Amino acid sequence: MFAIVRTGGKQYRVAAGDKIAVEKLAGEAGDVIALNDILLAGDGGESKDLAGVVVSAEIIAQAKADKVVIFKKKRRHNYRRKLGHRQQHTILRILGVGDEVKAAPKKAAAKTEAPAEAVADAPAAEAAPAKAEKAPAKKAAPKKAAAKPEADTSADNA
């Protein structure tokens with residue numbers, strides 16, 4: 001089964017297992033997204049009703065395209081300008097074309113569990129630096145207080 005999807009102002013013909021590079025989409029590597037803007041779907045030579053058809057894809061990587069060099073020159077006027085640009089794009093692997101979005105692969109499931117453990121450790125890590133920040137603040141306050149009486153004594157002597 002295949003589908004023609006529109007994303008980033010361009011159209012792509014996709015089938016299960018295809019890899020495509022599209023304009024940058026939100027998400028991280030391993031995330032599963034659904035491409036809902038489907039223009040045509042079919043199986044072999046027959047077209048299929050678009051109601052309920054969803055294309056599911058996994059983000060493989062967020063990358064940059066090859067550099068495009070823009071060079072402008074006007075003869076005999078000492079005018080030269082050189083600019084470059086690298087367009088950001090997302091590389092997708094099409095998981096399936098059909099009525100349902102397939103489940104996330106095992107990599108994505110492992111990623112969702114790891115941040116939960118990191119969150120549990122984060123409050124303990126945040127508590128320790130907070131105590132360290134309070135101690136230098138207390139030490140700095142007496143020095144400022146000591147500086148003010150010295151200024152007052154010099155004014156009294158003058």
# chains A, B, ... in the order shown; residues from 1 in each chain; ligands from 1
>>> closest_atom_pairs(of="region 22-75 of chain A", to="region 80-83 of chain A", cutoff="12 Å", atoms="only C-alpha atoms", output="tab-separated table")
residue	atom	partner	partner_atom	distance
A:Lys67	CA	A:Leu83	CA	10.0
A:Val68	CA	A:Leu83	CA	8.4
A:Val69	CA	A:Leu83	CA	5.9
A:Ile70	CA	A:Leu83	CA	5.0
A:Phe71	CA	A:Lys82	CA	4.5
A:Lys72	CA	A:Arg81	CA	5.1
A:Lys73	CA	A:Arg80	CA	4.6
A:Lys74	CA	A:Arg80	CA	6.9
A:Arg75	CA	A:Arg80	CA	9.0
>>> write_last_selection(atoms="all heavy atoms", output="PDB file, in the first residue's frame")
ATOM      1  N   LYS A  67      25.682  22.194   2.089  1.00  0.00           N
ATOM      2  CA  LYS A  67      25.760  23.644   2.030  1.00  0.00           C
ATOM      3  C   LYS A  67      25.497  24.141   0.611  1.00  0.00           C
ATOM      4  O   LYS A  67      26.019  23.587  -0.354  1.00  0.00           O
ATOM      5  CB  LYS A  67      27.127  24.125   2.493  1.00  0.00           C
ATOM      6  CG  LYS A  67      27.252  25.633   2.562  1.00  0.00           C
ATOM      7  CD  LYS A  67      28.549  26.041   3.202  1.00  0.00           C
ATOM      8  CE  LYS A  67      28.226  26.971   4.338  1.00  0.00           C
ATOM      9  NZ  LYS A  67      29.425  27.448   5.001  1.00  0.00           N
ATOM     10  N   VAL A  68      24.691  25.174   0.514  1.00  0.00           N
ATOM     11  CA  VAL A  68      24.431  25.847  -0.754  1.00  0.00           C
ATOM     12  C   VAL A  68      25.183  27.170  -0.702  1.00  0.00           C
ATOM     13  O   VAL A  68      24.995  27.961   0.216  1.00  0.00           O
ATOM     14  CB  VAL A  68      22.921  26.100  -0.949  1.00  0.00           C
ATOM     15  CG1 VAL A  68      22.661  26.857  -2.225  1.00  0.00           C
ATOM     16  CG2 VAL A  68      22.158  24.794  -0.936  1.00  0.00           C
ATOM     17  N   VAL A  69      26.042  27.404  -1.695  1.00  0.00           N
ATOM     18  CA  VAL A  69      26.855  28.616  -1.728  1.00  0.00           C
ATOM     19  C   VAL A  69      26.220  29.609  -2.688  1.00  0.00           C
ATOM     20  O   VAL A  69      25.905  29.277  -3.833  1.00  0.00           O
ATOM     21  CB  VAL A  69      28.302  28.306  -2.162  1.00  0.00           C
ATOM     22  CG1 VAL A  69      29.108  29.580  -2.277  1.00  0.00           C
ATOM     23  CG2 VAL A  69      28.943  27.344  -1.181  1.00  0.00           C
ATOM     24  N   ILE A  70      26.030  30.840  -2.216  1.00  0.00           N
ATOM     25  CA  ILE A  70      25.475  31.916  -3.032  1.00  0.00           C
ATOM     26  C   ILE A  70      26.616  32.895  -3.286  1.00  0.00           C
ATOM     27  O   ILE A  70      27.163  33.472  -2.342  1.00  0.00           O
ATOM     28  CB  ILE A  70      24.314  32.633  -2.311  1.00  0.00           C
ATOM     29  CG1 ILE A  70      23.175  31.658  -2.029  1.00  0.00           C
ATOM     30  CG2 ILE A  70      23.813  33.798  -3.129  1.00  0.00           C
ATOM     31  CD1 ILE A  70      23.156  31.149  -0.647  1.00  0.00           C
ATOM     32  N   PHE A  71      26.993  33.084  -4.532  1.00  0.00           N
ATOM     33  CA  PHE A  71      28.094  33.969  -4.883  1.00  0.00           C
ATOM     34  C   PHE A  71      27.598  34.993  -5.890  1.00  0.00           C
ATOM     35  O   PHE A  71      27.053  34.644  -6.930  1.00  0.00           O
ATOM     36  CB  PHE A  71      29.262  33.170  -5.484  1.00  0.00           C
ATOM     37  CG  PHE A  71      30.465  34.024  -5.757  1.00  0.00           C
ATOM     38  CD1 PHE A  71      31.247  34.494  -4.723  1.00  0.00           C
ATOM     39  CD2 PHE A  71      30.805  34.358  -7.052  1.00  0.00           C
ATOM     40  CE1 PHE A  71      32.354  35.283  -4.965  1.00  0.00           C
ATOM     41  CE2 PHE A  71      31.914  35.145  -7.307  1.00  0.00           C
ATOM     42  CZ  PHE A  71      32.691  35.608  -6.262  1.00  0.00           C
ATOM     43  N   LYS A  72      27.760  36.277  -5.569  1.00  0.00           N
ATOM     44  CA  LYS A  72      27.353  37.369  -6.449  1.00  0.00           C
ATOM     45  C   LYS A  72      28.595  38.146  -6.856  1.00  0.00           C
ATOM     46  O   LYS A  72      29.470  38.395  -6.029  1.00  0.00           O
ATOM     47  CB  LYS A  72      26.385  38.307  -5.736  1.00  0.00           C
ATOM     48  CG  LYS A  72      25.124  37.645  -5.247  1.00  0.00           C
ATOM     49  CD  LYS A  72      24.272  38.636  -4.493  1.00  0.00           C
ATOM     50  CE  LYS A  72      23.031  37.976  -3.950  1.00  0.00           C
ATOM     51  NZ  LYS A  72      22.206  38.931  -3.205  1.00  0.00           N
ATOM     52  N   LYS A  73      28.633  38.551  -8.113  1.00  0.00           N
ATOM     53  CA  LYS A  73      29.788  39.296  -8.595  1.00  0.00           C
ATOM     54  C   LYS A  73      29.351  40.237  -9.708  1.00  0.00           C
ATOM     55  O   LYS A  73      28.533  39.876 -10.549  1.00  0.00           O
ATOM     56  CB  LYS A  73      30.847  38.340  -9.134  1.00  0.00           C
ATOM     57  CG  LYS A  73      32.077  39.036  -9.671  1.00  0.00           C
ATOM     58  CD  LYS A  73      33.097  38.062 -10.185  1.00  0.00           C
ATOM     59  CE  LYS A  73      34.277  38.825 -10.741  1.00  0.00           C
ATOM     60  NZ  LYS A  73      35.320  37.943 -11.239  1.00  0.00           N
ATOM     61  N   LYS A  74      29.901  41.446  -9.688  1.00  0.00           N
ATOM     62  CA  LYS A  74      29.716  42.392 -10.794  1.00  0.00           C
ATOM     63  C   LYS A  74      31.093  42.715 -11.339  1.00  0.00           C
ATOM     64  O   LYS A  74      31.963  43.174 -10.597  1.00  0.00           O
ATOM     65  CB  LYS A  74      29.009  43.666 -10.319  1.00  0.00           C
ATOM     66  CG  LYS A  74      27.581  43.409  -9.886  1.00  0.00           C
ATOM     67  CD  LYS A  74      26.879  44.689  -9.512  1.00  0.00           C
ATOM     68  CE  LYS A  74      25.463  44.401  -9.059  1.00  0.00           C
ATOM     69  NZ  LYS A  74      24.778  45.606  -8.610  1.00  0.00           N
ATOM     70  N   ARG A  75      31.276  42.468 -12.613  1.00  0.00           N
ATOM     71  CA  ARG A  75      32.583  42.683 -13.220  1.00  0.00           C
ATOM     72  C   ARG A  75      33.003  44.147 -13.155  1.00  0.00           C
ATOM     73  O   ARG A  75      32.184  45.049 -13.313  1.00  0.00           O
ATOM     74  CB  ARG A  75      32.566  42.280 -14.699  1.00  0.00           C
ATOM     75  CG  ARG A  75      32.346  40.794 -14.909  1.00  0.00           C
ATOM     76  CD  ARG A  75      32.510  40.381 -16.346  1.00  0.00           C
ATOM     77  NE  ARG A  75      31.954  41.351 -17.278  1.00  0.00           N
ATOM     78  CZ  ARG A  75      32.240  41.386 -18.573  1.00  0.00           C
ATOM     79  NH1 ARG A  75      33.077  40.513 -19.080  1.00  0.00           N
ATOM     80  NH2 ARG A  75      31.695  42.274 -19.369  1.00  0.00           N
TER      81      ARG A  75
END
>>> closest_residue(among="A:Asp18, A:Glu46, A:Glu23, A:Asp37", to="Glu58 (chain A)", atoms="only C-alpha atoms")
A:Asp18
>>> residues_around(residues="Ala65 (chain A)", least_positions_apart="2", cutoff="9 Å", atoms="only C-alpha atoms", output="CSV table (one decimal) with N, CA, C and O atoms, in the first residue's frame")
chain,number,residue,atom,x,y,z
A,63,ALA,N,18.8,16.6,10.9
A,63,ALA,CA,20.1,16.9,10.3
A,63,ALA,C,20.1,18.1,9.5
A,63,ALA,O,19.0,18.8,9.4
A,67,LYS,N,25.7,22.2,2.1
A,67,LYS,CA,25.8,23.6,2.0
A,67,LYS,C,25.5,24.1,0.6
A,67,LYS,O,26.0,23.6,-0.4
A,68,VAL,N,24.7,25.2,0.5
A,68,VAL,CA,24.4,25.8,-0.8
A,68,VAL,C,25.2,27.2,-0.7
A,68,VAL,O,25.0,28.0,0.2
A,85,HIS,N,24.4,28.6,3.1
A,85,HIS,CA,23.2,28.2,3.8
A,85,HIS,C,23.1,26.7,3.9
A,85,HIS,O,23.3,26.0,2.9
A,86,ARG,N,22.7,26.2,5.1
A,86,ARG,CA,22.5,24.7,5.3
A,86,ARG,C,21.1,24.6,5.8
A,86,ARG,O,20.8,25.0,7.0
A,87,GLN,N,20.2,24.0,5.0
A,87,GLN,CA,18.8,23.9,5.4
A,87,GLN,C,18.6,22.7,6.4
A,87,GLN,O,19.2,21.7,6.2
A,88,GLN,N,17.8,22.9,7.4
A,88,GLN,CA,17.6,21.8,8.3
A,88,GLN,C,16.5,20.9,7.8
A,88,GLN,O,15.5,21.4,7.3
A,89,HIS,N,16.6,19.6,8.0
A,89,HIS,CA,15.6,18.7,7.6
A,89,HIS,C,15.5,17.5,8.6
A,89,HIS,O,16.4,17.3,9.4
>>> residues_around(residues="Leu50 (chain A)", least_positions_apart="5", cutoff="8 Å", atoms="only C-alpha atoms", output="VMD selection string")
chain A and resid 38 to 41
>>> residues_around(residues="Ala21 (chain A)", least_positions_apart="2", cutoff="9 Å", atoms="only C-alpha atoms", output="list of chain:residue names")
A:Lys19, A:Glu23, A:Lys24, A:His89, A:Thr90, A:Ile91, A:Leu92
>>> select_by_dssp(residues="region 56-105 of chain A", states="strand (DSSP E)", output="NGL selection string")
:A and (56-64 or 68-74 or 79-85 or 88-98)
>>> write_last_selection(atoms="C-alpha atoms", output="PDB file, in the first residue's frame")
ATOM      1  CA  SER A  56       2.933   6.680  10.686  1.00  0.00           C
ATOM      2  CA  ALA A  57       6.631   7.512  10.606  1.00  0.00           C
ATOM      3  CA  GLU A  58       9.580   7.349  12.982  1.00  0.00           C
ATOM      4  CA  ILE A  59      12.065  10.220  13.195  1.00  0.00           C
ATOM      5  CA  ILE A  60      15.507   8.801  12.478  1.00  0.00           C
ATOM      6  CA  ALA A  61      17.485  12.036  12.797  1.00  0.00           C
ATOM      7  CA  GLN A  62      17.372  15.816  12.719  1.00  0.00           C
ATOM      8  CA  ALA A  63      20.082  16.850  10.268  1.00  0.00           C
ATOM      9  CA  LYS A  64      21.305  19.583   7.950  1.00  0.00           C
ATOM     10  CA  VAL A  68      24.431  25.847  -0.754  1.00  0.00           C
ATOM     11  CA  VAL A  69      26.855  28.616  -1.728  1.00  0.00           C
ATOM     12  CA  ILE A  70      25.475  31.916  -3.032  1.00  0.00           C
ATOM     13  CA  PHE A  71      28.094  33.969  -4.883  1.00  0.00           C
ATOM     14  CA  LYS A  72      27.353  37.369  -6.449  1.00  0.00           C
ATOM     15  CA  LYS A  73      29.788  39.296  -8.595  1.00  0.00           C
ATOM     16  CA  LYS A  74      29.716  42.392 -10.794  1.00  0.00           C
ATOM     17  CA  TYR A  79      31.714  43.751  -5.965  1.00  0.00           C
ATOM     18  CA  ARG A  80      31.821  40.196  -4.612  1.00  0.00           C
ATOM     19  CA  ARG A  81      29.530  38.641  -2.020  1.00  0.00           C
ATOM     20  CA  LYS A  82      29.693  35.064  -0.781  1.00  0.00           C
ATOM     21  CA  LEU A  83      27.020  33.563   1.471  1.00  0.00           C
ATOM     22  CA  GLY A  84      26.211  29.990   2.473  1.00  0.00           C
ATOM     23  CA  HIS A  85      23.181  28.208   3.845  1.00  0.00           C
ATOM     24  CA  GLN A  88      17.604  21.820   8.349  1.00  0.00           C
ATOM     25  CA  HIS A  89      15.606  18.696   7.599  1.00  0.00           C
ATOM     26  CA  THR A  90      14.190  15.630   9.315  1.00  0.00           C
ATOM     27  CA  ILE A  91      14.859  12.090   8.130  1.00  0.00           C
ATOM     28  CA  LEU A  92      11.816   9.834   8.490  1.00  0.00           C
ATOM     29  CA  ARG A  93      11.302   6.072   8.227  1.00  0.00           C
ATOM     30  CA  ILE A  94       7.749   5.204   7.196  1.00  0.00           C
ATOM     31  CA  LEU A  95       6.416   2.565   9.592  1.00  0.00           C
ATOM     32  CA  GLY A  96       3.095   1.969   7.911  1.00  0.00           C
ATOM     33  CA  VAL A  97       0.331   3.262   5.694  1.00  0.00           C
ATOM     34  CA  GLY A  98      -3.139   2.306   6.840  1.00  0.00           C
TER      35      GLY A  98
END
